[in-house]
Each structure stands twice: as C-alpha cells, then as structure tokens.
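See structure below.
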Amino acid sequence: MDGKGRWVDNVFVERLWRSVKYEDVYLRAYETVSEAREGIGTYLKFYNSERRHQSLNRQTPDEVYLGKVEWPQAA
C-alpha cells in the first residue's frame, strides 16, 4: 500500500482524517481518550448526515448512499 505512486489508495481516508483533525480534534483539545472517542463519534455522525460535501453536489454522504441525491441533468 505504500508503493511509489499509490497515493490514490489512501487519498479518501487521508482527506477524512484531515477534516476530523482540523474541524474537531484541534478545536476541542480533548483531555481524555473517552472524551475524544465520544466527540469524534459525534463529529462523524455530523460529517455523514449533516455536513454538505462539494464533491457530492452539496449533498451529504447519507443522502448519496441512501439514494436521495438529485444529480444535475447533462446538457
């Protein structure tokens, strides 16, 4: 997985963890592991059900996964 040119294998997970760190962990500075576990769990629920994603046409991942997304029609 760490082979040369294989960045594409990890790009989605790396982007997710970047969002988790910059939008939650660094802002809250959790004091204990249990606080972090609960807070990150709450953030991931928000990330999937409420946070709109530009790459998903301003839809949430849950909307796309559950089939509620309305993609623009091709010209």
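Ligands are numbered from 1 in the order shown, residues from 1 within each chain, and chains are lettered A, B, ... in the order they appear in the structure tokens.
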For this session: Extract the full set of helix (DSSP H, G or I) residues from chain A according to DSSP on the backbone, and format it as number ranges by chain.
Result: A: 7-28, 33-49, 54-56, 61-65
Problem set entry | All residues 12 Å or closer to Glu23 in chain A, only C-alpha atoms, same chain fewer than 2 positions away omitted, as an MDAnalysis selection string | chainID A and resid 15:21 25:29 39:40 43:44 46:47 51
Problem set entry | For CA of Glu63 in chain A and CA of Trp7 in chain A, the interatomic separation in Å (one decimal) | 27.5 Å
Exercise. If you measure from CA of Leu56 in chain A to CA of Arg37 in chain A, what distance in Å do you get, rounded to one decimal?
Worked result: 27.0 Å
